[in-house]
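Participant: model.txt is the file, holding compact mmCIF, C-alpha atoms:
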# COMPACT_ATOMS: atom_id res chain seq x y z
CA MET B 31 19.56 -44.65 -14.70
CA ASN B 32 17.91 -45.92 -11.54
CA SER B 33 15.09 -43.59 -10.55
CA LYS B 34 15.93 -43.97 -6.87
CA LYS B 35 19.26 -42.25 -7.46
CA GLU B 36 17.74 -39.38 -9.35
CA THR B 37 17.94 -35.95 -7.75
CA LEU B 38 16.01 -32.77 -8.40
CA THR B 39 16.78 -29.18 -7.57
CA LEU B 40 14.35 -27.27 -5.40
CA LYS B 41 14.47 -24.50 -7.99
CA SER B 42 13.12 -26.81 -10.72
CA ILE B 43 10.35 -28.08 -8.43
CA ALA B 44 9.41 -24.52 -7.49
CA ALA B 45 9.33 -23.51 -11.16
CA TYR B 46 7.04 -26.44 -11.99
CA LEU B 47 4.65 -25.64 -9.11
CA GLN B 48 4.97 -21.88 -9.85
CA ILE B 49 5.90 -20.96 -6.28
CA ARG B 50 8.91 -19.20 -4.79
CA SER B 51 12.06 -21.23 -4.25
CA GLN B 52 12.56 -19.77 -0.78
CA ARG B 53 9.10 -20.89 0.22
CA LEU B 54 9.82 -24.42 -1.01
CA LEU B 55 13.14 -24.50 0.86
CA TYR B 56 11.41 -23.43 4.07
CA LYS B 57 8.83 -26.21 3.58
CA ALA B 58 11.56 -28.82 3.03
CA GLU B 59 13.40 -27.74 6.18
CA ARG B 60 10.19 -27.97 8.23
CA LEU B 61 9.62 -31.51 6.94
CA GLY B 62 13.17 -32.46 7.92
CA LEU B 63 14.16 -33.46 4.39
CA LYS B 64 17.81 -33.92 3.47
CA ILE B 65 18.90 -31.12 1.15
CA GLU B 66 22.10 -31.89 -0.72
CA ALA B 67 24.58 -29.57 -2.39
CA HIS B 68 23.26 -26.93 -4.78
CA GLY B 69 19.78 -27.29 -3.29
CA THR B 70 19.03 -30.78 -4.61
CA VAL B 71 16.91 -33.53 -3.07
CA GLN B 72 16.41 -37.20 -3.83
CA ASN B 73 13.27 -38.29 -5.68
CA LYS B 74 11.90 -39.84 -2.50
CA GLU B 75 12.25 -36.55 -0.60
CA ALA B 76 10.84 -34.66 -3.58
CA ILE B 77 7.71 -36.82 -3.52
CA VAL B 78 7.23 -36.19 0.20
CA LEU B 79 7.74 -32.48 -0.33
CA VAL B 80 5.29 -32.23 -3.22
CA GLN B 81 2.74 -34.45 -1.50
CA SER B 82 2.68 -32.05 1.46
CA TYR B 83 1.29 -29.38 -0.88
CA ILE B 84 -1.45 -31.75 -2.04
CA GLU B 85 -2.51 -32.48 1.53
CA SER B 86 -2.37 -28.84 2.63
CA LYS B 87 -5.68 -26.96 2.90
CA LYS B 88 -3.95 -23.70 2.01
CA THR B 89 -2.80 -24.94 -1.39
CA SER B 90 -4.79 -23.67 -4.35
CA THR B 91 -6.50 -26.04 -6.77
CA GLU B 92 -4.11 -25.09 -9.58
CA THR B 93 -1.05 -25.83 -7.44
CA LYS B 94 -2.54 -29.15 -6.32
CA GLN B 95 -3.11 -30.11 -9.96
CA LYS B 96 0.52 -29.37 -10.79
CA ALA B 97 1.67 -31.24 -7.69
CA ILE B 98 -0.25 -34.35 -8.77
CA GLU B 99 1.27 -34.11 -12.24
CA LEU B 100 4.70 -33.77 -10.66
CA ILE B 101 4.28 -36.82 -8.43
CA ASN B 102 3.03 -38.88 -11.37
CA SER B 103 6.09 -37.79 -13.34
CA LEU B 104 8.41 -38.74 -10.49
CA THR B 105 6.84 -42.14 -9.87
CA ASN B 106 6.14 -43.13 -13.50
CA GLN B 107 8.87 -41.53 -15.59
CA GLY B 108 11.73 -41.66 -13.07
CA THR B 109 14.00 -39.16 -14.84
CA LYS B 110 14.44 -35.45 -14.51
CA LYS B 111 14.38 -35.10 -18.26
CA GLY B 112 10.94 -36.55 -18.49
CA LEU B 113 9.80 -34.45 -15.54
CA LEU B 114 10.86 -31.09 -16.80
CA SER B 115 10.32 -31.47 -20.52
CA THR B 116 6.97 -33.27 -20.53
CA LYS B 117 3.81 -31.88 -18.98
CA VAL B 118 1.08 -34.47 -19.33
CA SER B 119 -2.45 -33.33 -18.57
CA VAL B 120 -3.44 -35.55 -15.68
CA PRO B 121 -7.05 -35.57 -14.38
CA LEU B 122 -7.45 -34.12 -10.93
CA VAL B 123 -8.07 -37.39 -9.13
CA ALA B 124 -7.29 -38.27 -5.56
CA ILE B 125 -4.10 -40.21 -5.04
CA LYS B 126 -3.47 -42.46 -2.09
CA ALA B 127 -2.69 -39.59 0.26
CA ASN B 128 -5.99 -37.85 -0.55
CA SER B 129 -8.04 -41.04 -0.54
CA ASP B 130 -7.17 -41.51 3.12
CA LEU B 131 -8.81 -38.18 4.01
CA LYS B 132 -12.07 -38.46 5.86
CA TRP B 133 -15.25 -37.23 4.22
CA PHE B 134 -15.57 -34.12 6.36
CA LYS B 135 -11.99 -33.07 5.57
CA ARG B 136 -12.69 -33.46 1.85
CA PHE B 137 -15.88 -31.44 2.36
CA ILE B 138 -13.91 -28.67 4.12
CA ASN B 139 -11.35 -28.63 1.30
CA ASN B 140 -14.07 -28.38 -1.34
CA CYS B 141 -15.83 -25.59 0.55
CA THR B 142 -12.55 -23.71 0.97
CA ASN B 143 -11.83 -23.93 -2.74
CA PHE B 144 -15.39 -22.85 -3.60
CA VAL B 145 -15.26 -19.83 -1.28
CA SER B 146 -11.84 -18.82 -2.65
CA LEU B 147 -13.17 -19.05 -6.20
CA LEU B 148 -16.34 -17.18 -5.28
CA PHE B 149 -14.58 -14.26 -3.62
CA ALA B 150 -11.67 -14.05 -6.09
CA PRO B 151 -13.33 -11.25 -8.18
CA ILE B 152 -14.16 -9.26 -5.04
CA THR B 153 -10.61 -9.65 -3.74
CA LYS B 154 -9.24 -8.54 -7.11
CA LEU B 155 -11.56 -5.51 -7.11
CA VAL B 156 -10.48 -4.47 -3.60
CA GLN B 157 -6.80 -4.85 -4.53
CA ASN B 158 -7.23 -2.75 -7.68
CA THR B 159 -9.17 -0.11 -5.74
CA LEU B 160 -6.46 0.17 -3.09
CA LYS B 161 -3.75 0.22 -5.76
CA ASN B 162 -5.47 3.02 -7.67
CA SER B 163 -6.07 4.95 -4.42
CA VAL B 164 -2.38 4.82 -3.56
CA GLN B 165 -1.48 5.95 -7.08
CA VAL B 166 -3.87 8.91 -6.75
CA LEU B 167 -2.33 9.92 -3.41
CA GLU B 168 1.14 9.75 -4.96
CA SER B 169 0.19 11.75 -8.03
CA VAL B 170 1.15 15.39 -8.57
CA TYR B 171 -2.50 16.26 -9.15
CA PHE B 172 -3.54 15.24 -5.62
CA LYS B 173 -0.75 17.33 -4.12
CA PHE B 174 -1.89 20.34 -6.13
CA VAL B 175 -5.55 19.87 -5.11
CA ALA B 176 -4.52 19.51 -1.45
CA LEU B 177 -2.53 22.75 -1.75
CA LEU B 178 -5.59 24.51 -3.19
CA VAL B 179 -7.74 23.35 -0.26
CA ALA B 180 -5.19 24.62 2.27
CA ILE B 181 -4.98 27.96 0.47
CA SER B 182 -8.78 28.26 0.42
CA VAL B 183 -8.94 27.96 4.21
CA GLN B 184 -6.14 30.47 4.57
CA MET B 185 -7.93 32.88 2.23
CA HIS B 186 -10.89 32.98 4.61
CA HIS B 187 -8.60 33.84 7.54
CA SER B 188 -6.87 36.55 5.52
CA ALA B 189 -10.18 38.09 4.44
CA ILE B 190 -11.55 38.26 8.01
CA TRP B 191 -8.26 39.67 9.26
CA PHE B 192 -8.25 42.36 6.54
CA GLN B 193 -11.87 43.31 7.19
CA ARG B 194 -11.29 43.50 10.94
CA VAL B 195 -8.31 45.91 10.86
CA THR B 196 -9.28 48.16 7.96
CA PRO B 197 -10.03 51.75 9.08
CA ASP B 198 -13.02 51.96 6.77
CA GLU B 199 -16.03 50.48 8.57
CA ASN B 200 -17.87 50.05 5.28
CA THR B 201 -15.22 47.83 3.75
CA SER B 202 -17.01 45.31 1.59
CA VAL B 203 -16.61 41.57 1.78
CA TYR B 204 -15.57 41.59 -1.86
CA ALA B 205 -12.61 43.81 -1.09
CA ALA B 206 -11.56 41.59 1.81
CA TYR B 207 -11.68 38.44 -0.28
CA GLY B 208 -10.02 40.24 -3.14
CA TYR B 209 -7.10 40.97 -0.83
CA ALA B 210 -7.05 37.34 0.34
CA PHE B 211 -7.18 36.12 -3.26
CA MET B 212 -4.30 38.39 -4.24
CA VAL B 213 -2.10 37.45 -1.28
CA ASP B 214 -2.72 33.74 -0.77
CA LEU B 215 -2.75 32.71 -4.41
CA PHE B 216 0.74 34.16 -4.59
CA ILE B 217 1.94 30.86 -3.18
CA LEU B 218 0.66 29.13 -6.33
CA VAL B 219 2.87 31.34 -8.46
CA ILE B 220 5.79 30.52 -6.19
CA THR B 221 4.96 26.84 -6.45
CA MET B 222 4.84 26.80 -10.23
CA GLU B 223 8.14 28.68 -10.38
CA GLY B 224 9.78 26.34 -7.85
CA LYS B 225 10.92 29.10 -5.50
CA ILE B 226 11.23 27.16 -2.24
CA SER B 227 13.17 29.92 -0.43
CA ILE B 228 10.36 32.42 -1.06
CA ALA B 229 7.84 29.80 0.08
CA LYS B 230 9.61 29.66 3.47
CA THR B 231 9.22 33.42 3.91
CA PHE B 232 5.58 33.20 2.86
CA ALA B 233 4.98 30.41 5.42
CA THR B 234 6.39 32.61 8.18
CA LEU B 235 4.12 35.50 7.18
CA THR B 236 1.18 33.11 7.04
CA PHE B 237 1.88 32.00 10.60
CA LEU B 238 1.97 35.60 11.83
CA SER B 239 -1.23 36.53 9.99
CA ASN B 240 -3.06 33.57 11.54
CA VAL B 241 -1.87 34.57 15.02
CA LEU B 242 -3.28 38.04 14.38
CA TYR B 243 -6.48 36.47 13.07
CA PHE B 244 -7.10 34.51 16.29
CA GLN B 245 -5.97 37.34 18.68
CA PHE B 246 -5.91 35.07 21.71
CA TRP B 247 -4.59 37.88 23.90
CA VAL B 248 -7.75 39.96 23.52
CA GLY B 249 -9.77 39.53 26.69
CA PHE B 250 -7.17 37.12 28.03
CA SER B 251 -7.70 35.92 31.59
CA SER B 252 -5.53 33.71 33.73
CA THR B 253 -7.78 30.67 33.46
CA PRO B 254 -7.06 27.17 32.14
CA GLN B 255 -9.46 27.76 29.25
CA ALA B 256 -7.67 30.97 28.24
CA TYR B 257 -4.30 29.24 28.18
CA THR B 258 -5.83 26.34 26.24
CA ASN B 259 -7.21 28.75 23.65
CA ALA B 260 -3.86 30.53 23.36
CA ILE B 261 -1.93 27.29 22.81
CA SER B 262 -4.56 26.01 20.39
CA SER B 263 -4.49 29.17 18.28
CA LEU B 264 -0.69 29.04 18.08
CA LEU B 265 -0.78 25.39 17.06
CA ILE B 266 -3.44 25.98 14.42
CA SER B 267 -1.51 28.92 13.03
CA GLY B 268 1.72 26.94 12.87
CA ILE B 269 0.09 23.84 11.39
CA MET B 270 -1.65 25.77 8.62
CA ALA B 271 1.52 27.61 7.67
CA TYR B 272 3.57 24.43 7.72
CA ILE B 273 1.04 22.46 5.66
CA ILE B 274 0.98 25.11 2.95
CA TYR B 275 4.78 25.12 2.82
CA ALA B 276 5.03 21.32 2.95
CA TYR B 277 2.57 20.81 0.08
CA THR B 278 4.44 23.46 -1.89
CA GLU B 279 7.75 21.69 -1.33
CA LEU B 280 6.32 18.26 -2.18
CA PHE B 281 4.66 19.55 -5.35
CA VAL B 282 7.82 21.29 -6.55
CA LYS B 283 10.11 18.31 -5.85
CA TYR B 284 7.72 15.81 -7.41
CA ARG B 285 7.25 18.03 -10.44
CA LEU B 286 11.01 18.37 -10.92
CA ILE B 287 11.49 14.60 -10.67
CA LYS B 288 8.78 13.96 -13.24
Can you give me the file's structure in the form of structure tokens?
Facilitator:
Amino acid sequence: MNSKKETLTLKSIAAYLQIRSQRLLYKAERLGLKIEAHGTVQNKEAIVLVQSYIESKKTSTETKQKAIELINSLTNQGTKKGLLSTKVSVPLVAIKANSDLKWFKRFINNCTNFVSLLFAPITKLVQNTLKNSVQVLESVYFKFVALLVAISVQMHHSAIWFQRVTPDENTSVYAAYGYAFMVDLFILVITMEGKISIAKTFATLTFLSNVLYFQFWVGFSSTPQAYTNAISSLLISGIMAYIIYAYTELFVKYRLIK
């Protein structure tokens, strides 16, 4: 069979170069190559397409090596059977397209490859770190720890509120925090039992207790700062109550899915 009449599919070329077929198709369209039915191209177009990867500065050394092997297979063997079934180890030497590159372009290519190789371990480490960080944030353990932190802040508010309103002036701090511990850790029991409806009621009571903790109306004056403090205390109270409920809901749903 005449090699000039041979055709190759873009899918087979992409598999040989180990790149995505869609990326190869986009490259062929940018080069203005004629793509026939079923995504096939003539050998001549295939050589132009593969050679563009050899000349590109963004192509990795491994892909360039495979591209050189592919061009040698197309020009020497002339059949698709030889191309796809035989992978001859060809030295990474410059073909005519690369030999025409000026010395400073070859120097830039070599430096680019060296820098990519040098920073590859660092890039891999950063990717693994980010991947593990995302997995930690998605884990049920992080949601439970975040819920504990929110409850700890709320316990302080509850203790101060209890100590402030108790009729006994000698109420100890231990009693106040004992009350806070008893009340606010109740949400953990609700969480473990999966009682979302009770958690909603608890969030409402938490909002009201925080409003009473801040007491923005005490000594209120019609000044911009007084109104700012009032709005801020309401927002803080609502945010804390909502966060506790939201973490409870997330923990329960994630736990049920698991």
Participant: So which one's closest to Gly69 (chain B), B:Ser51, B:Thr159, B:Asn140, B:Thr278? Using all atoms listed in the file, please.
Facilitator: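 Result for the nearest residue to Gly69 (chain B): B:Ser51.
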Participant: Taking a cut-off of 12 Å and counting all atoms listed in the file, can you build a table that, for each residue of region 161-239 of chain B near region 253-265 of chain B, reports the nearest atom pair and how far apart they are in Å (one decimal), sorted by chain then residue number, as a Markdown table?
Facilitator:
| residue | atom | partner | partner_atom | distance |
| --- | --- | --- | --- | --- |
| B:Thr236 | CA | B:Leu264 | CA | 11.9 |
| B:Phe237 | CA | B:Leu264 | CA | 8.4 |
| B:Leu238 | CA | B:Leu264 | CA | 9.4 |
| B:Ser239 | CA | B:Leu264 | CA | 11.0 |
Participant: Mind checking which residues fall within 6 Å of region 35-42 of chain B, counting only C-alpha atoms, ignoring those fewer than 3 positions away in the same chain, and posting them as a CSV table (one decimal) with C-alpha atoms, in the frame of the given file?
Facilitator:
chain,number,residue,atom,x,y,z
B,32,ASN,CA,17.9,-45.9,-11.5
B,45,ALA,CA,9.3,-23.5,-11.2
B,51,SER,CA,12.1,-21.2,-4.2
B,69,GLY,CA,19.8,-27.3,-3.3
B,70,THR,CA,19.0,-30.8,-4.6
B,71,VAL,CA,16.9,-33.5,-3.1
B,72,GLN,CA,16.4,-37.2,-3.8
B,73,ASN,CA,13.3,-38.3,-5.7
Participant: Provide the CA of Tyr243 (chain B) to CA of His187 (chain B) distance in Å, to one decimal place.
Facilitator: 6.5 Å
Participant: I'd like to know which of B:Gln193, B:Asn240, B:Gln52, B:Gln81 is closest to Asn102 (chain B), using all atoms listed in the file.
Facilitator: B:Gln81
Participant: So how far away is CA of Ile101 (chain B) from CA of Ile77 (chain B), in Å?
Facilitator: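 One can read the CA of Ile77 (chain B) to CA of Ile101 (chain B) distance as 6.0 Å.
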Participant: To one decimal in Å, tell me the separation between CA of Tyr83 (chain B) and CA of Asn158 (chain B).
Facilitator: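 According to the coordinates, CA of Tyr83 (chain B) and CA of Asn158 (chain B) are separated by 28.8 Å.
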Participant: Lys57 (chain B): which residues within 9 Å, counting only C-alpha atoms, same-chain residues fewer than 4 positions away excluded, as an NGL selection string?
Facilitator: :B and (52-53 or 61-62 or 79 or 82)
Participant: Grab the residues selected above and save them as a PDB file, keeping the file's coordinate frame with C-alpha atoms.
Facilitator:
ATOM      1  CA  GLN B  52      12.560 -19.770  -0.780  1.00  0.00           C
ATOM      2  CA  ARG B  53       9.100 -20.890   0.220  1.00  0.00           C
ATOM      3  CA  LEU B  61       9.620 -31.510   6.940  1.00  0.00           C
ATOM      4  CA  GLY B  62      13.170 -32.460   7.920  1.00  0.00           C
ATOM      5  CA  LEU B  79       7.740 -32.480  -0.330  1.00  0.00           C
ATOM      6  CA  SER B  82       2.680 -32.050   1.460  1.00  0.00           C
TER       7      SER B  82
END
Participant: Could you check which of B:Trp191, B:Phe144, B:Trp247, B:Phe232 is closest to Tyr209 (chain B), using only C-alpha atoms?
Facilitator: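 When distances to Tyr209 (chain B) are compared using only C-alpha atoms, the smallest one comes from B:Trp191.
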Participant: Leaving out Asp214 (chain B) and any residue of its chain fewer than 4 positions from it, which residues lie within 9 Å of it when counting all atoms listed in the file, given as a list in words?
Facilitator: Ile181, Ser182, Gln184, Met185, Ser188, Tyr209, Ala210, Leu218 and Thr236 of chain B
